[in-house]
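Structure first, then comments.
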Amino acid sequence: MSMDTFPIRRVDHVRHYVNNARQSAFFYQHTFGFNITGFAGLETGSRDEASYVLEQNDLRLVFSAPLRPGHPMAGLIAEHGDFVRDIAFEVDDVDWAFKAATERGAQAAQEPTTLEDDHGKVRVASIRTYGNVVHSLLNRDQYQGPFLPGFTSRNEPGDSIGLVEVDHCVGNVELGKMNYWVQWYQDVLGFKNLISFDDKDISTEYTALMSKVMASGNGRVKFPINEPADGKKKSQIDEYLEFFGGAGVQHVAMRTDDIVHTVARLRARGIQFLSVPRTYYDALEERVGEIDEDINELADLGILVDRDDEGYLLQIFTKPITDRPTLFYEIIHRKGAQSFGKGNFKALFESIEREQALRGTL
Ligand code: FE2
């Protein structure tokens, strides 16, 4: 008998609500190298919202914008700015999944419904998680068209930078709420707690946070959940909660199999990353042992390295990609390691604090 009490095939897509989906699509196409593969809007009969579908290997992002004042989406964007609304799961059986989740305590966001066009049909439902984030549950086994019924295909290739799939998505929740949401993912979606970090692991002279990593039954979906901890100054999580207006998605980590190539391309296209002092690299070999990459090249690009029992990983974090200091991205390259870069936390958080100080929010 399977121990997986809520089978999830994969993260199907990450949908952002934004003010101007056309410009967001252009940005992600020209920086992160996504292909624009689908569109729905006025031209396709969608009268109230426009959406662009972007793909790169197994990553799929969707950007949706309201077309009219008073659209419910517009109210959410007014509150949060551009934000991640939906981390959608592909499941075997949408009706079973929705019923199981709601019986186990999830709030419904959308009852199961069938979307249909000439290419077939897709069953879809949605449940609420922290803040204004939802998890759509969908199955497109009976569908041959682009993305979802109502979308037309687009073929506007980006220049790929080798992003492969979503590695993990991190949620920031309010003080005292981390364990509530950890329990929610356990009870409702059958996730397991992989790792916990307390304020002794994740603290600097000034700020601290707590984090627990939750993983789905098949291990393919990983959601760390952070909450602020007491420190001498305002933590990065407090800063997020204040500017975002509550709990929300802090970062999405995208996996690459060649981080040097990926980051070099991103830098050439103007993406800005958090930086660590050059001294980080002086102590690197001593800390992580021998690695395949040239340390000078990593230092030039600002790529961080950490090792665990199973291997090592390379990672780097963008600065926030919105004006509000909220959503950012991680690029991660795993060479055996299945962990999250604990050895980099201190250097990273000091880097974030330097940025916070510039923003006057530390
Ligand atoms: Fe991460």
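Labeling convention for the structure tokens: chains A, B, ... as they appear, residues from 1 per chain, ligands from 1 in order of appearance.
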Please identify the residues whose atoms come within 9 Å of ligand 1, using only C-alpha atoms and all ligand atoms, and report them as a short mmCIF file (atom, residue, chain, number, x, y, z; two decimals) with N, CA, C and O atoms, in the first residue's frame.
```cif
data_model
loop_
_atom_site.label_atom_id
_atom_site.label_comp_id
_atom_site.auth_asym_id
_atom_site.auth_seq_id
_atom_site.Cartn_x
_atom_site.Cartn_y
_atom_site.Cartn_z
N ASP A 167 12.32 23.56 -8.72
CA ASP A 167 12.95 22.74 -7.68
C ASP A 167 12.17 22.85 -6.37
O ASP A 167 11.87 21.85 -5.74
N HIS A 168 11.86 24.07 -5.96
CA HIS A 168 11.02 24.27 -4.78
C HIS A 168 10.42 25.67 -4.80
O HIS A 168 10.90 26.54 -5.52
N CYS A 169 9.34 25.85 -4.05
CA CYS A 169 8.67 27.15 -3.91
C CYS A 169 8.56 27.46 -2.43
O CYS A 169 8.08 26.63 -1.67
N VAL A 170 8.98 28.66 -2.04
CA VAL A 170 9.04 29.00 -0.62
C VAL A 170 7.94 29.97 -0.25
O VAL A 170 7.73 30.98 -0.94
N PRO A 224 9.46 24.80 1.24
CA PRO A 224 9.87 25.35 2.53
C PRO A 224 8.90 26.45 2.97
O PRO A 224 8.37 27.18 2.14
N HIS A 251 10.04 32.95 -2.83
CA HIS A 251 10.87 32.68 -4.00
C HIS A 251 10.54 31.35 -4.65
O HIS A 251 10.00 30.45 -4.00
N VAL A 252 10.81 31.28 -5.91
CA VAL A 252 10.67 30.05 -6.69
C VAL A 252 12.07 29.68 -7.12
O VAL A 252 12.80 30.51 -7.69
N ALA A 253 12.47 28.43 -6.82
CA ALA A 253 13.79 27.97 -7.24
C ALA A 253 13.64 27.16 -8.52
O ALA A 253 12.83 26.24 -8.60
N GLN A 315 24.11 27.40 -6.04
CA GLN A 315 22.88 28.20 -6.03
C GLN A 315 23.20 29.69 -6.06
O GLN A 315 24.30 30.12 -5.71
N PHE A 317 20.82 33.68 -5.86
CA PHE A 317 19.51 34.31 -5.65
C PHE A 317 19.46 35.66 -6.35
O PHE A 317 20.39 36.47 -6.22
N TYR A 329 13.94 35.02 -7.33
CA TYR A 329 14.18 33.68 -7.85
C TYR A 329 15.50 33.14 -7.35
O TYR A 329 16.44 33.89 -7.10
N GLU A 330 15.55 31.81 -7.25
CA GLU A 330 16.79 31.10 -6.98
C GLU A 330 17.07 30.25 -8.21
O GLU A 330 16.17 29.68 -8.81
N ILE A 331 18.33 30.20 -8.59
CA ILE A 331 18.78 29.25 -9.61
C ILE A 331 19.59 28.20 -8.86
O ILE A 331 20.52 28.56 -8.11
N ILE A 332 19.25 26.93 -9.04
CA ILE A 332 19.92 25.88 -8.27
C ILE A 332 20.37 24.76 -9.21
O ILE A 332 19.67 24.41 -10.16
N PHE A 340 19.25 22.32 0.96
CA PHE A 340 18.84 23.66 0.53
C PHE A 340 19.88 24.75 0.74
O PHE A 340 19.60 25.92 0.65
N GLY A 341 21.11 24.33 1.03
CA GLY A 341 22.18 25.33 1.10
C GLY A 341 22.37 25.95 2.46
O GLY A 341 22.73 27.12 2.58
#
```
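Closest to Lys121 in chain A among A:Tyr52, A:Phe98, A:Phe27, A:Phe147 is A:Phe147, based on only C-alpha atoms.
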Original post:
Looking only at the backbone, which of the residues in range 9-246 of chain A does DSSP tag as strand (DSSP E), as a PyMOL selection string?
Top reply: chain A and resi 10-17+35-40+49-56+59-66+83-90+108-117+120-128+134-139+152-156+163-172+192-197+208-215+222-229
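Rounded to one decimal, CA of Val221 in chain A and CA of Arg10 in chain A lie 6.6 Å from each other.
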Subject >> Residue neighbourhood Asp12 in chain A, 7 Å, only C-alpha atoms, exclusion window fewer than 6 positions, as a ChimeraX atom specification >> reply: /A:60,88-90
Subject >> Members of range 319-355 of chain A assigned helix (DSSP H, G or I) by DSSP, as an NGL selection string >> reply: :A and (342-355)
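Distances here use only C-alpha atoms; by that measure, the residue among A:Phe345, A:Phe32, A:Tyr17, A:Trp184 closest to Phe197 in chain A is A:Phe345.
Proximity of A:Gly246, A:Ile321, A:Ser211, A:Thr5 to Thr31 in chain A, computed with only C-alpha atoms, is greatest for A:Ile321.
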**OP:** List the neighbours of Leu284 in chain A out to 9 Å using only C-alpha atoms; skip same-chain residues closer than 6 positions along the sequence, and give me the result as a ChimeraX atom specification.
**Re:** /A:295,304-306
Generate the output file for the selected residues, N, CA, C and O atoms, as a compact mmCIF listing (two decimals), in the first residue's frame.
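After the write, again37.txt holds the following:
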```
# COMPACT_ATOMS: atom_id res chain seq x y z
N ILE A 295 36.62 27.70 -9.22
CA ILE A 295 36.17 28.60 -8.14
C ILE A 295 36.25 30.07 -8.56
O ILE A 295 35.39 30.88 -8.19
N LEU A 304 27.06 30.41 -5.25
CA LEU A 304 27.37 29.83 -3.94
C LEU A 304 27.37 28.30 -4.02
O LEU A 304 26.72 27.72 -4.88
N VAL A 305 28.10 27.68 -3.09
CA VAL A 305 28.22 26.21 -3.08
C VAL A 305 27.99 25.71 -1.66
O VAL A 305 28.40 26.33 -0.69
N ASP A 306 27.32 24.56 -1.56
CA ASP A 306 27.18 23.91 -0.26
C ASP A 306 27.23 22.40 -0.45
O ASP A 306 26.91 21.90 -1.52
```
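The list of residues with at least one atom within 9 Å of Val260 in chain A, based on only C-alpha atoms and without residues fewer than 6 positions apart in the same chain, reads Glu293, Glu297, Leu298, Leu301 and Ile303 of chain A.
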**OP:** In Å, rounded to a single decimal, give me how far CA of Gln142 in chain A is from CA of Phe63 in chain A.
**Re:** 24.0 Å
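Neighbouring residues of Pro69 in chain A at 12 Å or closer, counting only C-alpha atoms and skipping chain neighbours under 4 positions away, are A:Asn19, A:Asp48, A:Glu49, A:Ala65, A:Met73, A:Ala74, A:Gly75, A:Ile77, A:Ala78.
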Include all heavy atoms and write out the residues we just selected as a PDB file, in the first residue's frame.
```
ATOM      1  N   ASN A  19      -0.252  43.231 -13.307  1.00  0.00           N
ATOM      2  CA  ASN A  19      -1.018  44.313 -13.909  1.00  0.00           C
ATOM      3  C   ASN A  19      -0.969  44.282 -15.423  1.00  0.00           C
ATOM      4  O   ASN A  19      -1.897  44.723 -16.079  1.00  0.00           O
ATOM      5  CB  ASN A  19      -0.478  45.662 -13.415  1.00  0.00           C
ATOM      6  CG  ASN A  19      -1.468  46.358 -12.515  1.00  0.00           C
ATOM      7  OD1 ASN A  19      -2.681  46.346 -12.786  1.00  0.00           O
ATOM      8  ND2 ASN A  19      -0.981  46.934 -11.437  1.00  0.00           N
ATOM      9  N   ASP A  48     -12.479  39.224 -19.997  1.00  0.00           N
ATOM     10  CA  ASP A  48     -12.167  39.885 -18.728  1.00  0.00           C
ATOM     11  C   ASP A  48     -10.705  39.788 -18.298  1.00  0.00           C
ATOM     12  O   ASP A  48     -10.275  40.510 -17.415  1.00  0.00           O
ATOM     13  CB  ASP A  48     -13.047  39.303 -17.612  1.00  0.00           C
ATOM     14  CG  ASP A  48     -14.516  39.555 -17.883  1.00  0.00           C
ATOM     15  OD1 ASP A  48     -14.858  40.693 -18.269  1.00  0.00           O
ATOM     16  OD2 ASP A  48     -15.315  38.604 -17.753  1.00  0.00           O
ATOM     17  N   GLU A  49      -9.972  38.838 -18.863  1.00  0.00           N
ATOM     18  CA  GLU A  49      -8.571  38.725 -18.478  1.00  0.00           C
ATOM     19  C   GLU A  49      -7.711  38.227 -19.639  1.00  0.00           C
ATOM     20  O   GLU A  49      -8.213  37.542 -20.540  1.00  0.00           O
ATOM     21  CB  GLU A  49      -8.409  37.824 -17.246  1.00  0.00           C
ATOM     22  CG  GLU A  49      -8.994  36.437 -17.397  1.00  0.00           C
ATOM     23  CD  GLU A  49      -9.148  35.738 -16.042  1.00  0.00           C
ATOM     24  OE1 GLU A  49      -9.991  36.190 -15.238  1.00  0.00           O
ATOM     25  OE2 GLU A  49      -8.438  34.745 -15.817  1.00  0.00           O
ATOM     26  N   ALA A  65      -3.568  38.885 -16.314  1.00  0.00           N
ATOM     27  CA  ALA A  65      -3.863  40.269 -15.944  1.00  0.00           C
ATOM     28  C   ALA A  65      -5.350  40.557 -16.172  1.00  0.00           C
ATOM     29  O   ALA A  65      -5.943  40.051 -17.120  1.00  0.00           O
ATOM     30  CB  ALA A  65      -3.024  41.236 -16.776  1.00  0.00           C
ATOM     31  N   MET A  73      -9.372  40.015  -9.674  1.00  0.00           N
ATOM     32  CA  MET A  73      -7.920  39.925  -9.783  1.00  0.00           C
ATOM     33  C   MET A  73      -7.272  41.298  -9.538  1.00  0.00           C
ATOM     34  O   MET A  73      -6.207  41.401  -8.927  1.00  0.00           O
ATOM     35  CB  MET A  73      -7.597  39.446 -11.206  1.00  0.00           C
ATOM     36  CG  MET A  73      -6.208  38.966 -11.446  1.00  0.00           C
ATOM     37  SD  MET A  73      -5.939  38.719 -13.234  1.00  0.00           S
ATOM     38  CE  MET A  73      -6.827  37.224 -13.526  1.00  0.00           C
ATOM     39  N   ALA A  74      -7.944  42.356 -10.015  1.00  0.00           N
ATOM     40  CA  ALA A  74      -7.394  43.715  -9.873  1.00  0.00           C
ATOM     41  C   ALA A  74      -7.287  44.097  -8.402  1.00  0.00           C
ATOM     42  O   ALA A  74      -6.334  44.772  -7.987  1.00  0.00           O
ATOM     43  CB  ALA A  74      -8.255  44.721 -10.634  1.00  0.00           C
ATOM     44  N   GLY A  75      -8.257  43.663  -7.590  1.00  0.00           N
ATOM     45  CA  GLY A  75      -8.213  43.963  -6.157  1.00  0.00           C
ATOM     46  C   GLY A  75      -7.034  43.286  -5.481  1.00  0.00           C
ATOM     47  O   GLY A  75      -6.365  43.885  -4.634  1.00  0.00           O
ATOM     48  N   ILE A  77      -4.219  42.405  -6.925  1.00  0.00           N
ATOM     49  CA  ILE A  77      -2.969  43.032  -7.381  1.00  0.00           C
ATOM     50  C   ILE A  77      -2.777  44.389  -6.703  1.00  0.00           C
ATOM     51  O   ILE A  77      -1.662  44.773  -6.359  1.00  0.00           O
ATOM     52  CB  ILE A  77      -2.964  43.156  -8.922  1.00  0.00           C
ATOM     53  CG1 ILE A  77      -2.982  41.767  -9.561  1.00  0.00           C
ATOM     54  CG2 ILE A  77      -1.746  43.951  -9.392  1.00  0.00           C
ATOM     55  CD1 ILE A  77      -3.327  41.777 -11.042  1.00  0.00           C
ATOM     56  N   ALA A  78      -3.899  45.096  -6.479  1.00  0.00           N
ATOM     57  CA  ALA A  78      -3.802  46.376  -5.762  1.00  0.00           C
ATOM     58  C   ALA A  78      -3.221  46.151  -4.367  1.00  0.00           C
ATOM     59  O   ALA A  78      -2.448  46.965  -3.866  1.00  0.00           O
ATOM     60  CB  ALA A  78      -5.177  47.042  -5.676  1.00  0.00           C
TER      61      ALA A  78
END
```
Original post:
Lys346 in chain A: which residues within 8 Å, counting only C-alpha atoms, same-chain residues fewer than 2 positions away excluded, as a ChimeraX atom specification?
Top reply: /A:202-204,343-344,348-350
Please produce a file of those selected residues containing N, CA, C and O atoms, as a compact mmCIF listing (two decimals), in the first residue's frame.
```txt
# COMPACT_ATOMS: atom_id res chain seq x y z
N ILE A 202 19.57 29.84 11.24
CA ILE A 202 19.34 30.93 10.29
C ILE A 202 19.30 32.25 11.03
O ILE A 202 18.24 32.83 11.23
N SER A 203 20.44 32.70 11.51
CA SER A 203 20.43 34.01 12.13
C SER A 203 21.75 34.70 11.87
O SER A 203 22.77 34.05 11.61
N THR A 204 21.70 36.01 11.92
CA THR A 204 22.90 36.82 11.81
C THR A 204 22.95 37.63 13.09
O THR A 204 22.15 37.41 14.01
N GLY A 343 24.69 25.82 4.55
CA GLY A 343 26.01 26.41 4.77
C GLY A 343 26.14 27.81 4.18
O GLY A 343 27.08 28.54 4.50
N ASN A 344 25.18 28.21 3.33
CA ASN A 344 25.23 29.54 2.73
C ASN A 344 24.34 30.55 3.43
O ASN A 344 24.35 31.73 3.09
N LEU A 348 24.36 34.61 2.95
CA LEU A 348 23.23 35.13 2.18
C LEU A 348 22.43 36.15 2.95
O LEU A 348 22.04 37.19 2.42
N PHE A 349 22.16 35.82 4.23
CA PHE A 349 21.31 36.73 4.99
C PHE A 349 22.03 38.03 5.27
O PHE A 349 21.41 39.09 5.30
N GLU A 350 23.36 37.96 5.41
CA GLU A 350 24.10 39.22 5.55
C GLU A 350 24.00 40.03 4.26
O GLU A 350 23.89 41.26 4.30
```
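Using only C-alpha atoms, the shortest contact distance between Ala229 in chain A and any of A:Met214, A:Ala283, A:Arg255, A:Val173 is found at A:Val173.
For the pair CA of Gly158 in chain A and CA of Thr326 in chain A, the interatomic distance is 25.4 Å.
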